[in-house]
Each structure stands twice: as structure tokens, then as C-alpha cells.
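Each remark here refers to the structure printed beneath this line.
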Amino acid sequence: MVLIFNVITIIKGEIMKENIILEKSYLFAIRIVKLYLYLKNEKREFDLARQILKSGTSIGANTEEAVGGFSRKDFTAKIGVSYKEARETNYWLRLLHDSNILDSKLYNSMKKDCDELLKILSSILVTLKKNNPNS
């Protein structure tokens with residue numbers, strides 16, 4: 001269903017389709033897990049760390065579920081949840097930064113990745129709505 005977001009990659013002579021949103025959301029989840037460990041172990045911030053862990057890793061999990069969905073409606077719903085989780089993650093990042101828990105360098109890097117996910121997810125949702133205006 002997300003063929004418009006696939007790219008062809010040639011690795012060692014083999015052609016592989018790569019789903020950009022799956023790859024980027026998975027890599028972002030890894031960064032979120034590392035951020036969680038940093039917040040918990042170095043900053044001793046437990047509550048906000050758990051919040052960002054939940055929302056930040058949920059983006060990729062819901063996107064993965066969307067790709068494995070049984071119907072277009074299921075796909076659209078899960079991508080919508082991923083979008084909402086990305087918005088929530090953006091909120092926690094801003095709060096951590098503005099509370100002087102995250103330094104600007106780390107914040108800017110994480111926010112950039114989160115914003116990129118938001119743009120991709122938004123684009124998927126717009127495309128789905130355009131191709132099926134009754135949903």
C-alpha cells in the first residue's frame with residue numbers, strides 16, 4: 001500500500017525494496033531507547049523518560065502494524081495512530097528541552113528526526129485521503 005514511499009536499493013547485486021517510513025521510524029525508535037536510558041541513568045528523570053519511550057517507540061510499532069494490516073481502513077487507522085504518537089513525541093521533546101533536561105544539540109537532532117517522520121506520515125495520510133475521499 002505504501003509503494004510510493006519505497007525506494008529500490010541495490011546491495012551486492014541484489015535489488016531490495018526499502019520502505020522509508022518503516023526504516024526511519026525503526027531507527028528513530030532506537031534513538032528513543034537510547035534517549036530513555038540517558039534520561040533515566042544520567043539525568044535521573046524517570047517519568048518523562050517513560051513518556052517519551054512509549055510515544056517514540058510506538059511510532060514505528062504502529063507503522064509496522066499498518067503495513068501488515070488486513071485492509072486499507074486498518075492501514076489508514078494505524079498510520080493515523082503513528083502520526084498522533086509522533087506529535088506526542090514532539091511535545092515531550094520540547095518539554096524536555098524547555099525544562100533544561102535536554103541540551104539544544106540533542107534536542108535539535110531528535111526534533112529534526114521527529115519532524116521528518118511527521119512529514120512522511122502526514123504525506124501518507126494526505127495521499128490516502130486523496131485516493132479514497134470517503135474514508
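For the C-alpha cells, the naming scheme is as follows: chains receive sequential letters (A, B, ...) according to their order of presentation, residues are indexed from 1 within each chain, and ligands are indexed from 1 in presentation order.
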
Would you give me, as an mmCIF file with N, CA and C atoms, in the first residue's frame, the residues in chain A that DSSP reads as helix (DSSP H, G or I)?
data_model
loop_
_atom_site.group_PDB
_atom_site.id
_atom_site.type_symbol
_atom_site.label_atom_id
_atom_site.label_comp_id
_atom_site.auth_asym_id
_atom_site.auth_seq_id
_atom_site.Cartn_x
_atom_site.Cartn_y
_atom_site.Cartn_z
ATOM 1 N N LEU A 3 3.667 1.848 -1.685
ATOM 2 C CA LEU A 3 4.662 1.757 -2.742
ATOM 3 C C LEU A 3 5.251 3.107 -3.114
ATOM 4 N N ILE A 4 4.489 4.179 -2.968
ATOM 5 C CA ILE A 4 5.031 5.491 -3.315
ATOM 6 C C ILE A 4 6.165 5.899 -2.385
ATOM 7 N N PHE A 5 6.299 5.197 -1.250
ATOM 8 C CA PHE A 5 7.346 5.530 -0.303
ATOM 9 C C PHE A 5 8.458 4.502 -0.297
ATOM 10 N N ILE A 20 10.694 3.392 3.354
ATOM 11 C CA ILE A 20 11.342 4.517 4.029
ATOM 12 C C ILE A 20 10.752 4.777 5.413
ATOM 13 N N ILE A 21 9.429 4.796 5.535
ATOM 14 C CA ILE A 21 8.822 5.113 6.832
ATOM 15 C C ILE A 21 9.115 4.021 7.852
ATOM 16 N N LEU A 22 9.125 2.759 7.420
ATOM 17 C CA LEU A 22 9.466 1.682 8.354
ATOM 18 C C LEU A 22 10.907 1.825 8.840
ATOM 19 N N GLU A 23 11.799 2.074 7.923
ATOM 20 C CA GLU A 23 13.224 2.191 8.286
ATOM 21 C C GLU A 23 13.470 3.399 9.185
ATOM 22 N N LYS A 24 12.938 4.545 8.811
ATOM 23 C CA LYS A 24 13.178 5.755 9.599
ATOM 24 C C LYS A 24 12.521 5.687 10.977
ATOM 25 N N SER A 25 11.322 5.104 11.053
ATOM 26 C CA SER A 25 10.663 5.009 12.360
ATOM 27 C C SER A 25 11.375 4.004 13.257
ATOM 28 N N TYR A 26 11.934 2.958 12.677
ATOM 29 C CA TYR A 26 12.699 1.982 13.465
ATOM 30 C C TYR A 26 13.988 2.612 13.996
ATOM 31 N N LEU A 27 14.694 3.315 13.136
ATOM 32 C CA LEU A 27 15.934 3.980 13.573
ATOM 33 C C LEU A 27 15.647 5.046 14.629
ATOM 34 N N PHE A 28 14.522 5.736 14.481
ATOM 35 C CA PHE A 28 14.125 6.732 15.476
ATOM 36 C C PHE A 28 13.824 6.048 16.809
ATOM 37 N N ALA A 29 13.171 4.898 16.763
ATOM 38 C CA ALA A 29 12.872 4.157 17.991
ATOM 39 C C ALA A 29 14.155 3.765 18.722
ATOM 40 N N ILE A 30 15.164 3.388 17.984
ATOM 41 C CA ILE A 30 16.458 3.065 18.603
ATOM 42 C C ILE A 30 17.017 4.296 19.310
ATOM 43 N N ARG A 31 16.935 5.438 18.658
ATOM 44 C CA ARG A 31 17.407 6.686 19.283
ATOM 45 C C ARG A 31 16.590 7.004 20.539
ATOM 46 N N ILE A 32 15.291 6.751 20.486
ATOM 47 C CA ILE A 32 14.420 7.000 21.638
ATOM 48 C C ILE A 32 14.807 6.094 22.805
ATOM 49 N N VAL A 33 15.096 4.838 22.538
ATOM 50 C CA VAL A 33 15.514 3.917 23.604
ATOM 51 C C VAL A 33 16.811 4.419 24.242
ATOM 52 N N LYS A 34 17.739 4.855 23.416
ATOM 53 C CA LYS A 34 18.998 5.396 23.942
ATOM 54 C C LYS A 34 18.760 6.681 24.739
ATOM 55 N N LEU A 35 17.849 7.518 24.264
ATOM 56 C CA LEU A 35 17.493 8.732 24.994
ATOM 57 C C LEU A 35 16.874 8.370 26.337
ATOM 58 N N TYR A 36 15.993 7.396 26.343
ATOM 59 C CA TYR A 36 15.369 6.932 27.582
ATOM 60 C C TYR A 36 16.437 6.502 28.595
ATOM 61 N N LEU A 37 17.388 5.703 28.147
ATOM 62 C CA LEU A 37 18.446 5.232 29.052
ATOM 63 C C LEU A 37 19.281 6.398 29.574
ATOM 64 N N TYR A 38 19.559 7.363 28.709
ATOM 65 C CA TYR A 38 20.312 8.559 29.117
ATOM 66 C C TYR A 38 19.521 9.351 30.162
ATOM 67 N N LEU A 39 18.243 9.567 29.900
ATOM 68 C CA LEU A 39 17.414 10.340 30.830
ATOM 69 C C LEU A 39 17.297 9.632 32.175
ATOM 70 N N LYS A 40 17.130 8.340 32.127
ATOM 71 C CA LYS A 40 16.959 7.557 33.351
ATOM 72 C C LYS A 40 18.266 7.453 34.138
ATOM 73 N N ASN A 41 19.351 7.130 33.464
ATOM 74 C CA ASN A 41 20.614 6.863 34.157
ATOM 75 C C ASN A 41 21.442 8.105 34.453
ATOM 76 N N ASP A 47 9.867 9.813 34.991
ATOM 77 C CA ASP A 47 8.504 9.954 34.464
ATOM 78 C C ASP A 47 8.493 10.423 33.014
ATOM 79 N N LEU A 48 9.203 11.488 32.728
ATOM 80 C CA LEU A 48 9.237 11.986 31.350
ATOM 81 C C LEU A 48 9.957 11.006 30.438
ATOM 82 N N ALA A 49 10.955 10.313 30.966
ATOM 83 C CA ALA A 49 11.673 9.313 30.179
ATOM 84 C C ALA A 49 10.723 8.202 29.735
ATOM 85 N N ARG A 50 9.869 7.747 30.636
ATOM 86 C CA ARG A 50 8.900 6.700 30.283
ATOM 87 C C ARG A 50 7.891 7.204 29.254
ATOM 88 N N GLN A 51 7.480 8.441 29.402
ATOM 89 C CA GLN A 51 6.508 9.007 28.458
ATOM 90 C C GLN A 51 7.070 9.045 27.036
ATOM 91 N N ILE A 52 8.290 9.537 26.908
ATOM 92 C CA ILE A 52 8.866 9.648 25.564
ATOM 93 C C ILE A 52 9.232 8.277 25.012
ATOM 94 N N LEU A 53 9.571 7.343 25.884
ATOM 95 C CA LEU A 53 9.841 5.975 25.432
ATOM 96 C C LEU A 53 8.587 5.364 24.814
ATOM 97 N N LYS A 54 7.460 5.539 25.487
ATOM 98 C CA LYS A 54 6.201 4.960 24.999
ATOM 99 C C LYS A 54 5.782 5.563 23.661
ATOM 100 N N SER A 55 5.745 6.886 23.604
ATOM 101 C CA SER A 55 5.265 7.514 22.369
ATOM 102 C C SER A 55 6.271 7.374 21.230
ATOM 103 N N GLY A 56 7.554 7.511 21.542
ATOM 104 C CA GLY A 56 8.578 7.471 20.499
ATOM 105 C C GLY A 56 8.759 6.109 19.857
ATOM 106 N N THR A 57 8.590 5.042 20.632
ATOM 107 C CA THR A 57 8.716 3.703 20.055
ATOM 108 C C THR A 57 7.401 3.245 19.424
ATOM 109 N N SER A 58 6.312 3.839 19.841
ATOM 110 C CA SER A 58 5.003 3.486 19.295
ATOM 111 C C SER A 58 4.852 3.908 17.832
ATOM 112 N N ILE A 59 5.590 4.920 17.414
ATOM 113 C CA ILE A 59 5.509 5.385 16.018
ATOM 114 C C ILE A 59 5.837 4.235 15.074
ATOM 115 N N GLY A 60 6.981 3.621 15.293
ATOM 116 C CA GLY A 60 7.406 2.517 14.427
ATOM 117 C C GLY A 60 6.559 1.281 14.591
ATOM 118 N N ALA A 61 6.153 0.985 15.827
ATOM 119 C CA ALA A 61 5.330 -0.208 16.067
ATOM 120 C C ALA A 61 4.000 -0.102 15.330
ATOM 121 N N ASN A 62 3.371 1.052 15.380
ATOM 122 C CA ASN A 62 2.098 1.235 14.680
ATOM 123 C C ASN A 62 2.274 1.270 13.169
ATOM 124 N N THR A 63 3.384 1.812 12.712
ATOM 125 C CA THR A 63 3.661 1.813 11.273
ATOM 126 C C THR A 63 3.859 0.382 10.783
ATOM 127 N N GLU A 64 4.566 -0.406 11.556
ATOM 128 C CA GLU A 64 4.762 -1.822 11.214
ATOM 129 C C GLU A 64 3.418 -2.546 11.169
ATOM 130 N N GLU A 65 2.560 -2.275 12.137
ATOM 131 C CA GLU A 65 1.219 -2.872 12.146
ATOM 132 C C GLU A 65 0.418 -2.424 10.926
ATOM 133 N N ALA A 66 0.575 -1.162 10.536
ATOM 134 C CA ALA A 66 -0.154 -0.644 9.378
ATOM 135 C C ALA A 66 0.217 -1.413 8.114
ATOM 136 N N VAL A 67 1.498 -1.630 7.934
ATOM 137 C CA VAL A 67 1.964 -2.341 6.739
ATOM 138 C C VAL A 67 1.422 -3.770 6.720
ATOM 139 N N ARG A 72 -7.398 -1.538 3.863
ATOM 140 C CA ARG A 72 -6.997 -0.135 3.704
ATOM 141 C C ARG A 72 -7.427 0.678 4.928
ATOM 142 N N LYS A 73 -8.615 0.361 5.450
ATOM 143 C CA LYS A 73 -9.109 1.067 6.635
ATOM 144 C C LYS A 73 -8.186 0.820 7.830
ATOM 145 N N ASP A 74 -7.759 -0.415 8.007
ATOM 146 C CA ASP A 74 -6.825 -0.776 9.074
ATOM 147 C C ASP A 74 -5.495 -0.043 8.893
ATOM 148 N N PHE A 75 -5.002 -0.040 7.651
ATOM 149 C CA PHE A 75 -3.756 0.654 7.335
ATOM 150 C C PHE A 75 -3.857 2.139 7.689
ATOM 151 N N THR A 76 -4.930 2.769 7.249
ATOM 152 C CA THR A 76 -5.122 4.206 7.487
ATOM 153 C C THR A 76 -5.215 4.509 8.987
ATOM 154 N N ALA A 77 -5.931 3.672 9.712
ATOM 155 C CA ALA A 77 -6.083 3.889 11.157
ATOM 156 C C ALA A 77 -4.731 3.802 11.867
ATOM 157 N N LYS A 78 -3.925 2.814 11.524
ATOM 158 C CA LYS A 78 -2.629 2.639 12.190
ATOM 159 C C LYS A 78 -1.650 3.750 11.815
ATOM 160 N N ILE A 79 -1.675 4.186 10.581
ATOM 161 C CA ILE A 79 -0.817 5.317 10.182
ATOM 162 C C ILE A 79 -1.266 6.569 10.929
ATOM 163 N N GLY A 80 -2.574 6.721 11.124
ATOM 164 C CA GLY A 80 -3.092 7.846 11.906
ATOM 165 C C GLY A 80 -2.595 7.807 13.345
ATOM 166 N N VAL A 81 -2.570 6.619 13.939
ATOM 167 C CA VAL A 81 -2.050 6.473 15.301
ATOM 168 C C VAL A 81 -0.557 6.817 15.325
ATOM 169 N N SER A 82 0.185 6.367 14.326
ATOM 170 C CA SER A 82 1.617 6.691 14.253
ATOM 171 C C SER A 82 1.826 8.204 14.206
ATOM 172 N N TYR A 83 1.004 8.879 13.412
ATOM 173 C CA TYR A 83 1.095 10.336 13.308
ATOM 174 C C TYR A 83 0.847 10.993 14.670
ATOM 175 N N LYS A 84 -0.189 10.531 15.374
ATOM 176 C CA LYS A 84 -0.500 11.091 16.693
ATOM 177 C C LYS A 84 0.628 10.840 17.688
ATOM 178 N N GLU A 85 1.218 9.659 17.631
ATOM 179 C CA GLU A 85 2.329 9.341 18.535
ATOM 180 C C GLU A 85 3.549 10.210 18.226
ATOM 181 N N ALA A 86 3.772 10.494 16.957
ATOM 182 C CA ALA A 86 4.875 11.383 16.583
ATOM 183 C C ALA A 86 4.634 12.798 17.108
ATOM 184 N N ARG A 87 3.373 13.250 17.041
ATOM 185 C CA ARG A 87 3.034 14.562 17.606
ATOM 186 C C ARG A 87 3.296 14.581 19.106
ATOM 187 N N GLU A 88 2.887 13.506 19.790
ATOM 188 C CA GLU A 88 3.104 13.430 21.227
ATOM 189 C C GLU A 88 4.598 13.411 21.552
ATOM 190 N N THR A 89 5.374 12.686 20.774
ATOM 191 C CA THR A 89 6.823 12.628 20.983
ATOM 192 C C THR A 89 7.435 14.010 20.807
ATOM 193 N N ASN A 90 6.959 14.730 19.819
ATOM 194 C CA ASN A 90 7.417 16.106 19.595
ATOM 195 C C ASN A 90 7.158 16.958 20.841
ATOM 196 N N TYR A 91 6.004 16.777 21.443
ATOM 197 C CA TYR A 91 5.655 17.509 22.665
ATOM 198 C C TYR A 91 6.646 17.193 23.786
ATOM 199 N N TRP A 92 6.907 15.895 24.022
ATOM 200 C CA TRP A 92 7.825 15.520 25.103
ATOM 201 C C TRP A 92 9.235 16.030 24.846
ATOM 202 N N LEU A 93 9.661 16.012 23.596
ATOM 203 C CA LEU A 93 10.985 16.560 23.267
ATOM 204 C C LEU A 93 11.054 18.046 23.616
ATOM 205 N N ARG A 94 10.026 18.788 23.223
ATOM 206 C CA ARG A 94 10.002 20.226 23.524
ATOM 207 C C ARG A 94 10.006 20.461 25.026
ATOM 208 N N LEU A 95 9.200 19.699 25.749
ATOM 209 C CA LEU A 95 9.120 19.850 27.198
ATOM 210 C C LEU A 95 10.458 19.544 27.861
ATOM 211 N N LEU A 96 11.107 18.470 27.435
ATOM 212 C CA LEU A 96 12.421 18.119 27.996
ATOM 213 C C LEU A 96 13.455 19.209 27.710
ATOM 214 N N HIS A 97 13.394 19.775 26.531
ATOM 215 C CA HIS A 97 14.334 20.848 26.181
ATOM 216 C C HIS A 97 14.042 22.125 26.960
ATOM 217 N N ASP A 98 12.789 22.526 26.960
ATOM 218 C CA ASP A 98 12.420 23.776 27.612
ATOM 219 C C ASP A 98 12.521 23.704 29.136
ATOM 220 N N SER A 104 20.448 21.643 23.796
ATOM 221 C CA SER A 104 19.962 22.063 22.476
ATOM 222 C C SER A 104 20.459 21.172 21.348
ATOM 223 N N LYS A 105 21.690 20.712 21.428
ATOM 224 C CA LYS A 105 22.242 19.886 20.349
ATOM 225 C C LYS A 105 21.453 18.582 20.214
ATOM 226 N N LEU A 106 21.234 17.893 21.321
ATOM 227 C CA LEU A 106 20.487 16.643 21.295
ATOM 228 C C LEU A 106 19.028 16.890 20.909
ATOM 229 N N TYR A 107 18.446 17.921 21.481
ATOM 230 C CA TYR A 107 17.062 18.274 21.166
ATOM 231 C C TYR A 107 16.889 18.536 19.669
ATOM 232 N N ASN A 108 17.740 19.370 19.103
ATOM 233 C CA ASN A 108 17.617 19.725 17.687
ATOM 234 C C ASN A 108 17.738 18.498 16.785
ATOM 235 N N SER A 109 18.630 17.606 17.125
ATOM 236 C CA SER A 109 18.815 16.394 16.345
ATOM 237 C C SER A 109 17.586 15.479 16.429
ATOM 238 N N MET A 110 17.093 15.261 17.640
ATOM 239 C CA MET A 110 15.914 14.417 17.820
ATOM 240 C C MET A 110 14.675 15.057 17.196
ATOM 241 N N LYS A 111 14.528 16.354 17.362
ATOM 242 C CA LYS A 111 13.367 17.066 16.818
ATOM 243 C C LYS A 111 13.373 17.009 15.293
ATOM 244 N N LYS A 112 14.543 17.132 14.707
ATOM 245 C CA LYS A 112 14.653 17.059 13.246
ATOM 246 C C LYS A 112 14.165 15.706 12.743
ATOM 247 N N ASP A 113 14.590 14.637 13.406
ATOM 248 C CA ASP A 113 14.152 13.301 13.007
ATOM 249 C C ASP A 113 12.645 13.127 13.218
ATOM 250 N N CYS A 114 12.138 13.624 14.319
ATOM 251 C CA CYS A 114 10.706 13.517 14.605
ATOM 252 C C CYS A 114 9.894 14.314 13.586
ATOM 253 N N ASP A 115 10.357 15.507 13.250
ATOM 254 C CA ASP A 115 9.667 16.320 12.246
ATOM 255 C C ASP A 115 9.652 15.633 10.882
ATOM 256 N N GLU A 116 10.741 14.951 10.553
ATOM 257 C CA GLU A 116 10.800 14.231 9.288
ATOM 258 C C GLU A 116 9.759 13.099 9.265
ATOM 259 N N LEU A 117 9.649 12.385 10.377
ATOM 260 C CA LEU A 117 8.627 11.338 10.467
ATOM 261 C C LEU A 117 7.227 11.936 10.323
ATOM 262 N N LEU A 118 6.995 13.064 10.978
ATOM 263 C CA LEU A 118 5.696 13.723 10.873
ATOM 264 C C LEU A 118 5.369 14.094 9.427
ATOM 265 N N LYS A 119 6.337 14.593 8.707
ATOM 266 C CA LYS A 119 6.111 14.974 7.305
ATOM 267 C C LYS A 119 5.770 13.756 6.453
ATOM 268 N N ILE A 120 6.510 12.664 6.661
ATOM 269 C CA ILE A 120 6.253 11.449 5.876
ATOM 270 C C ILE A 120 4.872 10.889 6.210
ATOM 271 N N LEU A 121 4.571 10.786 7.500
ATOM 272 C CA LEU A 121 3.272 10.240 7.908
ATOM 273 C C LEU A 121 2.124 11.119 7.419
ATOM 274 N N SER A 122 2.295 12.423 7.505
ATOM 275 C CA SER A 122 1.280 13.353 7.019
ATOM 276 C C SER A 122 1.064 13.179 5.524
ATOM 277 N N SER A 123 2.140 13.019 4.798
ATOM 278 C CA SER A 123 2.057 12.823 3.350
ATOM 279 C C SER A 123 1.315 11.524 3.016
ATOM 280 N N ILE A 124 1.590 10.473 3.769
ATOM 281 C CA ILE A 124 0.882 9.204 3.560
ATOM 282 C C ILE A 124 -0.614 9.397 3.800
ATOM 283 N N LEU A 125 -0.955 10.077 4.900
ATOM 284 C CA LEU A 125 -2.367 10.303 5.218
ATOM 285 C C LEU A 125 -3.061 11.146 4.156
ATOM 286 N N VAL A 126 -2.393 12.174 3.658
ATOM 287 C CA VAL A 126 -2.972 13.019 2.602
ATOM 288 C C VAL A 126 -3.201 12.197 1.341
ATOM 289 N N THR A 127 -2.229 11.372 0.985
ATOM 290 C CA THR A 127 -2.359 10.521 -0.199
ATOM 291 C C THR A 127 -3.504 9.544 -0.050
ATOM 292 N N LEU A 128 -3.615 8.933 1.126
ATOM 293 C CA LEU A 128 -4.713 8.001 1.358
ATOM 294 C C LEU A 128 -6.066 8.687 1.255
ATOM 295 N N LYS A 129 -6.165 9.881 1.814
ATOM 296 C CA LYS A 129 -7.433 10.622 1.781
ATOM 297 C C LYS A 129 -7.765 11.044 0.339
ATOM 298 N N LYS A 130 -6.739 11.443 -0.407
ATOM 299 C CA LYS A 130 -6.946 11.870 -1.786
ATOM 300 C C LYS A 130 -7.412 10.688 -2.654
ATOM 301 N N ASN A 131 -6.824 9.504 -2.395
ATOM 302 C CA ASN A 131 -7.186 8.327 -3.181
ATOM 303 C C ASN A 131 -8.488 7.687 -2.741
#

Quick check for you: according to DSSP on this backbone, which residues of chain A are classed as strand (DSSP E)? Reply as a list in words.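 Selecting the strand (DSSP E) positions of chain A gives Asn6, Val7, Ile8, Thr9, Ile10, Ile11, Glu14, Ile15, Met16, Lys17, Glu18 and Asn19 of chain A.
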
Convert the current residue selection to file output with C-alpha atoms, as a compact mmCIF listing (two decimals), in the first residue's frame.
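Writing the result to out_32.txt gives the following:
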# COMPACT_ATOMS: atom_id res chain seq x y z
CA ASN A 6 9.51 2.63 -1.40
CA VAL A 7 12.91 3.06 -2.99
CA ILE A 8 14.97 0.49 -4.80
CA THR A 9 18.34 -0.28 -3.25
CA ILE A 10 20.97 -2.49 -4.84
CA ILE A 11 23.10 -4.34 -2.31
CA GLU A 14 20.51 -7.84 -5.34
CA ILE A 15 17.58 -5.48 -5.74
CA MET A 16 15.76 -4.79 -2.50
CA LYS A 17 12.69 -2.69 -1.83
CA GLU A 18 13.10 -0.48 1.18
CA ASN A 19 10.16 1.09 2.96
